[in-house]
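The file final00.cif contains mmCIF, C-alpha atoms and all ligand atoms:
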data_input
#
loop_
_atom_site.group_PDB
_atom_site.id
_atom_site.type_symbol
_atom_site.label_atom_id
_atom_site.label_comp_id
_atom_site.auth_asym_id
_atom_site.auth_seq_id
_atom_site.Cartn_x
_atom_site.Cartn_y
_atom_site.Cartn_z
ATOM 1 C CA LYS A 14 0.000 0.000 0.000
ATOM 2 C CA GLY A 15 3.005 2.258 -0.287
ATOM 3 C CA LYS A 16 3.326 2.599 3.462
ATOM 4 C CA ALA A 17 6.801 2.150 4.956
ATOM 5 C CA VAL A 18 7.005 -0.560 7.598
ATOM 6 C CA GLN A 19 9.788 -2.071 9.607
ATOM 7 C CA LEU A 20 9.423 -5.782 10.261
ATOM 8 C CA ARG A 21 10.763 -7.217 13.483
ATOM 9 C CA GLY A 22 10.646 -10.879 14.085
ATOM 10 C CA ILE A 23 12.086 -14.247 14.739
ATOM 11 C CA SER A 24 13.373 -17.066 12.645
ATOM 12 C CA SER A 25 12.599 -20.673 13.337
ATOM 13 C CA HIS A 26 15.556 -22.993 13.711
ATOM 14 C CA GLY A 27 15.544 -25.490 10.829
ATOM 15 C CA ILE A 28 12.092 -27.015 10.344
ATOM 16 C CA ASN A 29 14.019 -30.129 9.308
ATOM 17 C CA TRP A 30 15.242 -30.426 12.902
ATOM 18 C CA ASP A 31 13.337 -31.382 16.035
ATOM 19 C CA VAL A 32 14.770 -28.315 17.761
ATOM 20 C CA GLY A 33 12.975 -26.118 15.213
ATOM 21 C CA GLU A 34 9.898 -27.801 13.794
ATOM 22 C CA PRO A 35 7.777 -28.165 16.987
ATOM 23 C CA PHE A 36 7.751 -24.412 17.639
ATOM 24 C CA VAL A 37 6.236 -23.538 14.282
ATOM 25 C CA ASN A 38 2.524 -23.507 15.011
ATOM 26 C CA GLU A 39 -0.318 -21.001 15.139
ATOM 27 C CA LYS A 40 -0.401 -20.688 18.931
ATOM 28 C CA ALA A 41 3.314 -19.969 19.078
ATOM 29 C CA LEU A 42 3.069 -17.337 16.356
ATOM 30 C CA GLN A 43 0.174 -15.701 18.109
ATOM 31 C CA ASN A 44 2.205 -15.522 21.299
ATOM 32 C CA LEU A 45 5.180 -14.016 19.487
ATOM 33 C CA ARG A 46 2.857 -11.352 18.164
ATOM 34 C CA ASP A 47 0.931 -10.669 21.354
ATOM 35 C CA GLU A 48 3.708 -11.026 23.916
ATOM 36 C CA TRP A 49 6.738 -9.663 22.064
ATOM 37 C CA GLY A 50 5.281 -7.459 19.351
ATOM 38 C CA VAL A 51 6.667 -9.563 16.523
ATOM 39 C CA ASN A 52 5.154 -8.906 13.088
ATOM 40 C CA CYS A 53 7.114 -11.342 10.955
ATOM 41 C CA PHE A 54 8.145 -14.973 11.244
ATOM 42 C CA ARG A 55 10.850 -16.667 9.193
ATOM 43 C CA VAL A 56 10.525 -20.334 8.360
ATOM 44 C CA ALA A 57 14.049 -21.667 7.857
ATOM 45 C CA MET A 58 14.160 -24.790 5.729
ATOM 46 C CA TYR A 59 17.667 -26.131 5.238
ATOM 47 C CA THR A 60 18.371 -27.472 1.776
ATOM 48 C CA GLU A 61 21.367 -29.818 2.209
ATOM 49 C CA ASP A 62 22.136 -29.900 5.915
ATOM 50 C CA TYR A 63 20.578 -32.661 8.028
ATOM 51 C CA ASN A 64 17.392 -33.951 6.409
ATOM 52 C CA GLY A 65 17.056 -30.777 4.363
ATOM 53 C CA TYR A 66 14.680 -30.429 1.430
ATOM 54 C CA CYS A 67 17.175 -31.457 -1.268
ATOM 55 C CA VAL A 68 18.547 -34.489 0.549
ATOM 56 C CA THR A 69 15.524 -36.025 2.203
ATOM 57 C CA ASP A 70 12.825 -38.467 1.078
ATOM 58 C CA THR A 71 9.382 -37.742 -0.327
ATOM 59 C CA ALA A 72 7.574 -38.261 2.950
ATOM 60 C CA SER A 73 9.704 -35.759 4.865
ATOM 61 C CA ARG A 74 9.493 -33.303 1.999
ATOM 62 C CA LYS A 75 5.747 -33.419 2.363
ATOM 63 C CA LYS A 76 6.101 -32.686 6.056
ATOM 64 C CA LEU A 77 8.366 -29.719 5.356
ATOM 65 C CA LEU A 78 5.861 -28.308 2.887
ATOM 66 C CA ALA A 79 3.035 -28.866 5.366
ATOM 67 C CA LYS A 80 5.002 -26.973 8.011
ATOM 68 C CA ILE A 81 5.519 -24.031 5.682
ATOM 69 C CA ASP A 82 1.801 -24.091 4.984
ATOM 70 C CA THR A 83 0.988 -24.051 8.695
ATOM 71 C CA ALA A 84 3.140 -20.952 9.131
ATOM 72 C CA VAL A 85 1.777 -19.116 6.094
ATOM 73 C CA LYS A 86 -1.826 -19.767 7.103
ATOM 74 C CA ALA A 87 -1.201 -18.824 10.719
ATOM 75 C CA GLY A 88 0.569 -15.645 9.629
ATOM 76 C CA ARG A 89 -2.280 -14.736 7.334
ATOM 77 C CA LYS A 90 -4.810 -15.216 10.087
ATOM 78 C CA LEU A 91 -2.736 -13.272 12.616
ATOM 79 C CA GLY A 92 -1.724 -10.424 10.326
ATOM 80 C CA MET A 93 1.956 -11.360 10.268
ATOM 81 C CA TYR A 94 4.439 -11.657 7.440
ATOM 82 C CA VAL A 95 6.019 -15.060 6.866
ATOM 83 C CA ILE A 96 9.379 -15.530 5.167
ATOM 84 C CA ILE A 97 9.915 -18.776 3.288
ATOM 85 C CA ASP A 98 13.663 -19.268 3.617
ATOM 86 C CA TRP A 99 15.594 -21.603 1.289
ATOM 87 C CA HIS A 100 18.309 -22.147 3.852
ATOM 88 C CA ILE A 101 21.463 -22.982 1.953
ATOM 89 C CA LEU A 102 24.497 -23.379 4.191
ATOM 90 C CA SER A 103 26.859 -26.326 3.579
ATOM 91 C CA ASP A 104 25.725 -25.989 -0.037
ATOM 92 C CA GLY A 105 27.445 -22.612 -0.247
ATOM 93 C CA ASN A 106 26.766 -22.032 -3.933
ATOM 94 C CA PRO A 107 23.044 -21.676 -4.615
ATOM 95 C CA GLN A 108 23.548 -22.967 -8.160
ATOM 96 C CA GLN A 109 24.274 -26.379 -6.675
ATOM 97 C CA ASN A 110 20.554 -26.980 -6.177
ATOM 98 C CA GLN A 111 19.250 -24.424 -8.618
ATOM 99 C CA LYS A 112 16.915 -26.840 -10.397
ATOM 100 C CA GLU A 113 15.279 -27.854 -7.120
ATOM 101 C CA ALA A 114 15.139 -24.247 -5.993
ATOM 102 C CA LEU A 115 13.395 -23.146 -9.144
ATOM 103 C CA LYS A 116 10.834 -25.941 -8.869
ATOM 104 C CA PHE A 117 10.286 -25.165 -5.211
ATOM 105 C CA PHE A 118 9.798 -21.424 -5.608
ATOM 106 C CA LYS A 119 7.480 -21.799 -8.587
ATOM 107 C CA LYS A 120 5.402 -24.202 -6.556
ATOM 108 C CA MET A 121 5.342 -21.787 -3.598
ATOM 109 C CA ALA A 122 4.536 -18.755 -5.730
ATOM 110 C CA LYS A 123 1.712 -20.568 -7.486
ATOM 111 C CA LYS A 124 0.295 -21.760 -4.201
ATOM 112 C CA TYR A 125 0.668 -18.495 -2.293
ATOM 113 C CA LYS A 126 0.127 -15.856 -4.954
ATOM 114 C CA ASN A 127 -2.941 -14.566 -3.142
ATOM 115 C CA ASN A 128 -1.285 -14.589 0.273
ATOM 116 C CA THR A 129 0.132 -11.105 0.466
ATOM 117 C CA ASN A 130 1.915 -11.909 3.727
ATOM 118 C CA VAL A 131 4.506 -14.158 2.077
ATOM 119 C CA ILE A 132 8.118 -13.088 1.508
ATOM 120 C CA TYR A 133 10.525 -15.301 -0.416
ATOM 121 C CA GLU A 134 14.140 -15.665 0.696
ATOM 122 C CA ILE A 135 15.845 -17.475 -2.129
ATOM 123 C CA CYS A 136 19.284 -18.315 -0.676
ATOM 124 C CA ASN A 137 20.087 -17.910 2.998
ATOM 125 C CA GLU A 138 23.865 -17.526 3.033
ATOM 126 C CA PRO A 139 26.020 -18.086 -0.032
ATOM 127 C CA ASN A 140 29.558 -18.905 1.090
ATOM 128 C CA GLY A 141 32.672 -20.849 0.146
ATOM 129 C CA GLY A 142 33.844 -18.083 -2.153
ATOM 130 C CA THR A 143 30.665 -17.936 -4.251
ATOM 131 C CA SER A 144 30.853 -14.642 -6.108
ATOM 132 C CA TRP A 145 28.162 -12.018 -6.376
ATOM 133 C CA SER A 146 27.959 -12.524 -10.125
ATOM 134 C CA THR A 147 27.130 -16.211 -9.564
ATOM 135 C CA ILE A 148 24.510 -15.373 -6.946
ATOM 136 C CA LYS A 149 23.043 -12.736 -9.211
ATOM 137 C CA LYS A 150 22.651 -15.199 -12.090
ATOM 138 C CA TYR A 151 20.909 -17.603 -9.751
ATOM 139 C CA ALA A 152 18.730 -14.855 -8.312
ATOM 140 C CA GLU A 153 17.527 -13.671 -11.699
ATOM 141 C CA LYS A 154 16.468 -17.215 -12.645
ATOM 142 C CA ILE A 155 14.546 -17.716 -9.405
ATOM 143 C CA ILE A 156 12.979 -14.246 -9.443
ATOM 144 C CA LYS A 157 11.786 -14.889 -12.983
ATOM 145 C CA GLY A 158 10.245 -18.164 -11.802
ATOM 146 C CA ILE A 159 8.455 -16.536 -8.877
ATOM 147 C CA ARG A 160 7.234 -13.645 -11.025
ATOM 148 C CA THR A 161 5.524 -16.080 -13.397
ATOM 149 C CA TYR A 162 2.884 -16.354 -10.689
ATOM 150 C CA ASP A 163 3.423 -13.512 -8.267
ATOM 151 C CA LYS A 164 4.312 -10.055 -9.558
ATOM 152 C CA LYS A 165 4.568 -8.338 -6.240
ATOM 153 C CA ALA A 166 5.790 -10.430 -3.314
ATOM 154 C CA VAL A 167 8.987 -9.164 -1.724
ATOM 155 C CA ILE A 168 11.954 -11.346 -2.639
ATOM 156 C CA LEU A 169 15.124 -11.441 -0.518
ATOM 157 C CA VAL A 170 18.432 -12.202 -2.185
ATOM 158 C CA GLY A 171 21.439 -13.472 -0.215
ATOM 159 C CA THR A 172 24.835 -11.843 -0.651
ATOM 160 C CA PRO A 173 28.424 -13.205 -0.724
ATOM 161 C CA ASN A 174 30.281 -14.344 2.387
ATOM 162 C CA TRP A 175 27.347 -15.571 4.485
ATOM 163 C CA SER A 176 25.197 -12.608 3.463
ATOM 164 C CA GLN A 177 27.625 -9.936 4.509
ATOM 165 C CA ASP A 178 28.966 -8.393 1.303
ATOM 166 C CA VAL A 179 26.000 -6.171 0.547
ATOM 167 C CA ASP A 180 28.463 -3.542 -0.698
ATOM 168 C CA GLN A 181 29.237 -5.850 -3.640
ATOM 169 C CA ALA A 182 25.571 -6.340 -4.456
ATOM 170 C CA ALA A 183 25.131 -2.570 -4.331
ATOM 171 C CA LEU A 184 27.640 -2.118 -7.147
ATOM 172 C CA SER A 185 25.590 -4.303 -9.442
ATOM 173 C CA PRO A 186 22.050 -5.119 -8.261
ATOM 174 C CA VAL A 187 19.893 -7.588 -10.198
ATOM 175 C CA SER A 188 18.986 -6.309 -13.631
ATOM 176 C CA LYS A 189 16.258 -3.702 -13.999
ATOM 177 C CA LYS A 190 13.553 -6.028 -15.196
ATOM 178 C CA TYR A 191 13.843 -8.089 -12.014
ATOM 179 C CA ARG A 192 14.533 -5.308 -9.545
ATOM 180 C CA LYS A 193 11.038 -4.456 -8.360
ATOM 181 C CA ASN A 194 10.307 -5.473 -4.755
ATOM 182 C CA VAL A 195 13.675 -7.182 -4.422
ATOM 183 C CA MET A 196 15.781 -6.663 -1.301
ATOM 184 C CA TYR A 197 19.224 -7.895 -0.302
ATOM 185 C CA THR A 198 20.085 -9.667 2.930
ATOM 186 C CA LEU A 199 22.595 -8.679 5.556
ATOM 187 C CA HIS A 200 23.296 -11.116 8.415
ATOM 188 C CA PHE A 201 25.208 -10.379 11.593
ATOM 189 C CA TYR A 202 26.136 -12.050 14.887
ATOM 190 C CA ALA A 203 27.032 -9.231 17.237
ATOM 191 C CA ALA A 204 29.907 -10.957 19.037
ATOM 192 C CA THR A 205 31.655 -11.532 15.682
ATOM 193 C CA HIS A 206 30.488 -8.832 13.284
ATOM 194 C CA LYS A 207 31.107 -5.253 14.315
ATOM 195 C CA GLU A 208 31.522 -1.732 12.992
ATOM 196 C CA TRP A 209 33.272 -2.985 9.832
ATOM 197 C CA LEU A 210 30.134 -4.827 8.779
ATOM 198 C CA ARG A 211 27.933 -1.813 9.531
ATOM 199 C CA ASP A 212 30.307 0.134 7.263
ATOM 200 C CA LYS A 213 29.496 -2.289 4.443
ATOM 201 C CA ALA A 214 25.798 -1.856 5.183
ATOM 202 C CA GLN A 215 26.189 1.925 5.116
ATOM 203 C CA ALA A 216 28.052 1.749 1.806
ATOM 204 C CA ALA A 217 25.187 -0.295 0.343
ATOM 205 C CA LEU A 218 22.583 2.101 1.743
ATOM 206 C CA ASP A 219 24.466 5.061 0.302
ATOM 207 C CA LYS A 220 24.066 3.457 -3.089
ATOM 208 C CA GLY A 221 20.337 3.017 -2.465
ATOM 209 C CA LEU A 222 20.360 -0.763 -2.028
ATOM 210 C CA PRO A 223 17.296 -2.025 -0.087
ATOM 211 C CA LEU A 224 18.548 -4.097 2.851
ATOM 212 C CA PHE A 225 16.790 -6.686 4.990
ATOM 213 C CA VAL A 226 18.359 -8.417 7.997
ATOM 214 C CA SER A 227 16.734 -11.828 7.710
ATOM 215 C CA GLU A 228 18.995 -13.307 10.393
ATOM 216 C CA PHE A 229 20.981 -11.992 13.347
ATOM 217 C CA SER A 230 21.914 -12.885 16.857
ATOM 218 C CA ILE A 231 23.799 -11.268 19.670
ATOM 219 C CA CYS A 232 26.192 -14.197 20.254
ATOM 220 C CA ASP A 233 29.011 -15.209 17.910
ATOM 221 C CA ALA A 234 28.724 -16.562 14.375
ATOM 222 C CA SER A 235 28.733 -20.184 15.522
ATOM 223 C CA GLY A 236 25.319 -19.526 17.061
ATOM 224 C CA ASN A 237 26.906 -20.135 20.425
ATOM 225 C CA GLY A 238 29.394 -18.508 22.805
ATOM 226 C CA GLY A 239 29.054 -15.331 24.837
ATOM 227 C CA LEU A 240 26.703 -12.459 24.089
ATOM 228 C CA ASP A 241 27.892 -8.996 23.111
ATOM 229 C CA LYS A 242 25.037 -6.810 24.300
ATOM 230 C CA ALA A 243 26.868 -3.523 23.787
ATOM 231 C CA GLU A 244 27.495 -4.345 20.130
ATOM 232 C CA ALA A 245 23.945 -5.695 19.787
ATOM 233 C CA LYS A 246 22.619 -2.349 20.953
ATOM 234 C CA LYS A 247 24.730 -0.529 18.377
ATOM 235 C CA TRP A 248 23.438 -2.816 15.646
ATOM 236 C CA LEU A 249 19.755 -2.547 16.470
ATOM 237 C CA THR A 250 20.024 1.209 16.956
ATOM 238 C CA PHE A 251 21.631 1.467 13.512
ATOM 239 C CA LEU A 252 18.894 -0.692 11.951
ATOM 240 C CA ASP A 253 16.085 1.215 13.654
ATOM 241 C CA LYS A 254 17.547 4.522 12.513
ATOM 242 C CA ASN A 255 17.553 3.291 8.931
ATOM 243 C CA ASN A 256 14.157 1.584 9.202
ATOM 244 C CA ILE A 257 15.664 -1.789 8.321
ATOM 245 C CA SER A 258 13.798 -4.983 9.191
ATOM 246 C CA TYR A 259 15.403 -7.681 11.338
ATOM 247 C CA MET A 260 14.750 -11.310 12.297
ATOM 248 C CA ALA A 261 16.431 -12.977 15.259
ATOM 249 C CA TRP A 262 17.876 -16.493 15.169
ATOM 250 C CA SER A 263 16.191 -18.603 16.583
ATOM 251 C CA LEU A 264 12.969 -19.873 18.107
ATOM 252 C CA SER A 265 14.494 -23.066 19.446
ATOM 253 C CA ASN A 266 15.219 -24.891 22.671
ATOM 254 C CA LYS A 267 18.587 -26.238 21.533
ATOM 255 C CA ALA A 268 21.447 -25.930 24.021
ATOM 256 C CA GLU A 269 23.177 -23.060 22.214
ATOM 257 C CA SER A 270 23.235 -19.398 23.117
ATOM 258 C CA SER A 271 21.325 -18.143 20.051
ATOM 259 C CA ALA A 272 18.302 -20.291 20.994
ATOM 260 C CA PHE A 273 15.506 -18.268 22.616
ATOM 261 C CA ILE A 274 13.892 -20.784 24.925
ATOM 262 C CA LYS A 275 15.058 -23.271 27.490
ATOM 263 C CA SER A 276 14.512 -26.981 27.115
ATOM 264 C CA GLY A 277 11.403 -28.387 28.698
ATOM 265 C CA CYS A 278 9.201 -25.432 27.745
ATOM 266 C CA SER A 279 5.909 -25.833 25.944
ATOM 267 C CA ASN A 280 5.959 -25.737 22.152
ATOM 268 C CA THR A 281 3.308 -23.091 21.918
ATOM 269 C CA GLY A 282 4.188 -20.409 24.487
ATOM 270 C CA LYS A 283 3.384 -18.261 26.156
ATOM 271 C CA TRP A 284 6.929 -18.157 27.328
ATOM 272 C CA SER A 285 7.588 -16.155 30.444
ATOM 273 C CA SER A 286 10.938 -14.645 31.190
ATOM 274 C CA LYS A 287 11.989 -17.679 33.229
ATOM 275 C CA ASN A 288 11.536 -19.826 30.109
ATOM 276 C CA LEU A 289 13.873 -17.641 28.086
ATOM 277 C CA THR A 290 17.628 -17.841 27.610
ATOM 278 C CA ALA A 291 19.804 -14.766 28.073
ATOM 279 C CA ALA A 292 19.639 -13.966 24.345
ATOM 280 C CA GLY A 293 15.900 -14.594 24.294
ATOM 281 C CA LYS A 294 15.387 -12.210 27.198
ATOM 282 C CA TRP A 295 17.568 -9.447 25.816
ATOM 283 C CA ILE A 296 16.083 -9.498 22.328
ATOM 284 C CA THR A 297 12.444 -9.782 23.421
ATOM 285 C CA ASN A 298 12.979 -6.903 25.832
ATOM 286 C CA TRP A 299 14.232 -4.819 22.937
ATOM 287 C CA TYR A 300 11.196 -5.783 20.878
ATOM 288 C CA LYS A 301 8.795 -5.033 23.712
ATOM 289 C CA LYS A 302 10.200 -1.550 24.205
ATOM 290 C CA LYS A 303 9.352 -0.513 20.657
HETATM 291 C C1 LIG B 401 23.263 -23.093 13.046
HETATM 292 C C2 LIG B 401 22.412 -23.590 14.197
HETATM 293 C C3 LIG B 401 22.990 -24.889 14.733
HETATM 294 C C4 LIG B 401 23.109 -25.881 13.585
HETATM 295 C C5 LIG B 401 23.920 -25.280 12.459
HETATM 296 C C6 LIG B 401 23.994 -26.201 11.253
HETATM 297 O O1 LIG B 401 22.320 -22.598 15.186
HETATM 298 O O2 LIG B 401 22.174 -25.408 15.762
HETATM 299 O O3 LIG B 401 23.718 -27.055 14.037
HETATM 300 O O4 LIG B 401 23.353 -24.066 12.039
HETATM 301 O O5 LIG B 401 25.159 -25.992 10.559
HETATM 302 C C7 LIG B 401 24.146 -18.875 10.271
HETATM 303 C C8 LIG B 401 23.239 -19.804 9.559
HETATM 304 C C9 LIG B 401 22.479 -20.682 10.535
HETATM 305 C C10 LIG B 401 23.358 -21.106 11.682
HETATM 306 C C11 LIG B 401 23.759 -19.863 12.477
HETATM 307 C C12 LIG B 401 24.644 -20.166 13.696
HETATM 308 O O6 LIG B 401 22.326 -19.140 8.708
HETATM 309 O O7 LIG B 401 22.017 -21.801 9.829
HETATM 310 O O8 LIG B 401 22.606 -21.959 12.510
HETATM 311 N N1 LIG B 401 24.436 -18.932 11.583
HETATM 312 O O9 LIG B 401 25.843 -20.758 13.285
HETATM 313 N N2 LIG B 401 24.826 -17.877 9.746
HETATM 314 C C13 LIG B 401 25.588 -17.317 10.691
HETATM 315 C C14 LIG B 401 25.352 -17.963 11.886
#
Could I get this file's structure written as structure tokens?
Amino acid sequence: KGKAVQLRGISSHGINWDVGEPFVNEKALQNLRDEWGVNCFRVAMYTEDYNGYCVTDTASRKKLLAKIDTAVKAGRKLGMYVIIDWHILSDGNPQQNQKEALKFFKKMAKKYKNNTNVIYEICNEPNGGTSWSTIKKYAEKIIKGIRTYDKKAVILVGTPNWSQDVDQAALSPVSKKYRKNVMYTLHFYAATHKEWLRDKAQAALDKGLPLFVSEFSICDASGNGGLDKAEAKKWLTFLDKNNISYMAWSLSNKAESSAFIKSGCSNTGKWSSKNLTAAGKWITNWYKKK
């Protein structure tokens, strides 16, 4: 509707993992919205890591698709955006599973073309030296596929080096005919990524590149280790100032510091502060203050 919004939300852990999948349900999403003021939920579906979409059998694929559907429908009902995340990671070059990706996104776009709450994230974190020009070629193919069915949905494109080198994307964004409603992802883990990465973000912004933080945490890049709250505050202040959306990793009870909830909690919320980890507490407090 032409109205600027900032999305703030949470990412699932992998829905191919039992530390992620159980927390993706309507009740949980409603609690995220009502208790923490979250307006967007990211459904992370790994592609090649453990039981991911490209390496699993037909029955589990069906389950993954059903889980995505649960999230999209819940989001629609609750007035929340839902990001469908093609979570490449060990498969660092998105072209590795490009055929599958294209089939998947066409299927999603066809199915969800009337669900205006859906956002497509077409490659989580390219890595392993995959260049921007390779990612861009991939992106244009997938965007074209999605646009066959859905002309408008926001599409998020990953950037080189685990979605950090947005400055490179800014020098040569996807070609004009695919550019509409396309944004580029920037990921950070505050105990690892500091001022130097915000400088890259600033350089991209200066060139007018639309940025979207589809994943961050306040621990280190392993998803574990100590929290850097001072740096986290600098990051979120920077993002708020620039009206950039951000999604925290992750709604999980795994024993790692990026996980939001402690083990033994219910799958559906509502999670009180004693159910939350240190990262979960800090980030939800930030969200609640807004
Ligand atoms: C991590 C999970 C961890 C899992 C691992 C798989 O937290 O439980 O075993 O993936 O390799 C990312 C990735 C995201 C990572 C996260 C933390 O997008 O998949 O999740 N991270 O390492 N980028 C930077 C950090």
Residues in the PyMOL selection byres (((chain A and resi 54) around 12) and not hetatm), expressed as an NGL selection string: :A and (20-26 or 36-39 or 41-46 or 50-53 or 55-57 or 81 or 83-89 or 91-98 or 130-133 or 227-228 or 258-264)
Picked residues, the PyMOL selection byres (((chain A and resi 158) around 12) and not hetatm), as a ChimeraX atom specification: /A:111-123,133,135,151-157,159-164,168,191
Include C-alpha atoms and write out the residues we just selected as a compact mmCIF listing (two decimals), in the frame of the given file.
# COMPACT_ATOMS: atom_id res chain seq x y z
CA GLN A 111 19.25 -24.42 -8.62
CA LYS A 112 16.92 -26.84 -10.40
CA GLU A 113 15.28 -27.85 -7.12
CA ALA A 114 15.14 -24.25 -5.99
CA LEU A 115 13.40 -23.15 -9.14
CA LYS A 116 10.83 -25.94 -8.87
CA PHE A 117 10.29 -25.16 -5.21
CA PHE A 118 9.80 -21.42 -5.61
CA LYS A 119 7.48 -21.80 -8.59
CA LYS A 120 5.40 -24.20 -6.56
CA MET A 121 5.34 -21.79 -3.60
CA ALA A 122 4.54 -18.76 -5.73
CA LYS A 123 1.71 -20.57 -7.49
CA TYR A 133 10.52 -15.30 -0.42
CA ILE A 135 15.84 -17.48 -2.13
CA TYR A 151 20.91 -17.60 -9.75
CA ALA A 152 18.73 -14.86 -8.31
CA GLU A 153 17.53 -13.67 -11.70
CA LYS A 154 16.47 -17.22 -12.64
CA ILE A 155 14.55 -17.72 -9.40
CA ILE A 156 12.98 -14.25 -9.44
CA LYS A 157 11.79 -14.89 -12.98
CA ILE A 159 8.46 -16.54 -8.88
CA ARG A 160 7.23 -13.64 -11.02
CA THR A 161 5.52 -16.08 -13.40
CA TYR A 162 2.88 -16.35 -10.69
CA ASP A 163 3.42 -13.51 -8.27
CA LYS A 164 4.31 -10.06 -9.56
CA ILE A 168 11.95 -11.35 -2.64
CA TYR A 191 13.84 -8.09 -12.01
Around all the atoms of ligand LIG 401 (chain B) listed in the file, draw an axis-aligned box and extend it by 4 Å on each of the six sides; I want its centre and edge lengths in Å to one decimal, as lines of an AutoDock Vina configuration file.
center_x = 23.9
center_y = -22.2
center_z = 12.2
size_x = 11.8
size_y = 17.7
size_z = 15.1
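Comparing A:Phe225, A:Trp30, A:Tyr197, A:Trp295 by their smallest distance to ligand LIG 401 (chain B), the closest is A:Trp30 (using all atoms listed in the file).
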Point-to-point distance in Å for atom CA of A:Ala17 and atom CA of A:Lys294: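 Taking atom CA of A:Lys294 and atom CA of A:Ala17, their separation equals 27.8 Å.
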Shell of 6 Å around ligand LIG 401 (chain B) (only C-alpha atoms and all ligand atoms), written as a list in words: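 Protein and nucleic-acid residues within 6 Å of ligand LIG 401 (chain B): Ala234, Ser235 and Gly236 of chain A.
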Expected selection from the PyMOL selection byres (((chain A and resi 287) around 12) and not hetatm), given as an MDAnalysis selection string: chainID A and resid 273:278 283:286 288:291 293:294
For atom CA of A:His200 and atom CA of A:Ala214, the interatomic separation in Å (one decimal): 10.1 Å
Between atom CA of A:Thr297 and atom CA of A:Ser270 - distance in Å to one decimal: 14.5 Å
Close residues, A:Ser103 itself excluded, 10 Å, all atoms listed in the file, min 6 positions apart in chain, as a ChimeraX atom specification: /A:59-63,138-141
For A:Glu134, the nearest of the candidates A:Lys189, A:His100, A:Lys302, A:Lys242, counting all atoms listed in the file: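 When distances to A:Glu134 are compared using all atoms listed in the file, the smallest one comes from A:His100.
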Selected residue, from A:Ala182, A:Ile101, A:Ile148, A:Leu199, that lies nearest to A:Val68 when counting only C-alpha atoms: A:Ile101
For A:Trp209: contacts at 12 Å, only C-alpha atoms, fewer than 5 positions along chain excluded, given as a list of chain:residue names: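 Answer for this query is A:Gln177, A:Asp178, A:Asp180, A:Phe201, A:Ala203, A:Ala214, A:Gln215, A:Ala216, A:Glu244, A:Trp248.
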Shell around A:Phe251 at 12 Å using all atoms listed in the file, local window under 3 positions removed, as a PyMOL selection string: chain A and resi 207-208+210-212+214-215+218+226+244-248+254-259
Contact residues around A:Ser73 with all atoms listed in the file at 12 Å, ignoring same-chain residues under 4 positions, as JSON, numbers by chain: {"A": [28, 29, 30, 34, 58, 63, 64, 65, 66, 67, 68, 69, 77, 78, 79, 80]}
Within 9 Å of A:Lys165 using all atoms listed in the file, minus same-chain residues under 4 positions, as an NGL selection string: :A and (126 or 129 or 160 or 193-194)
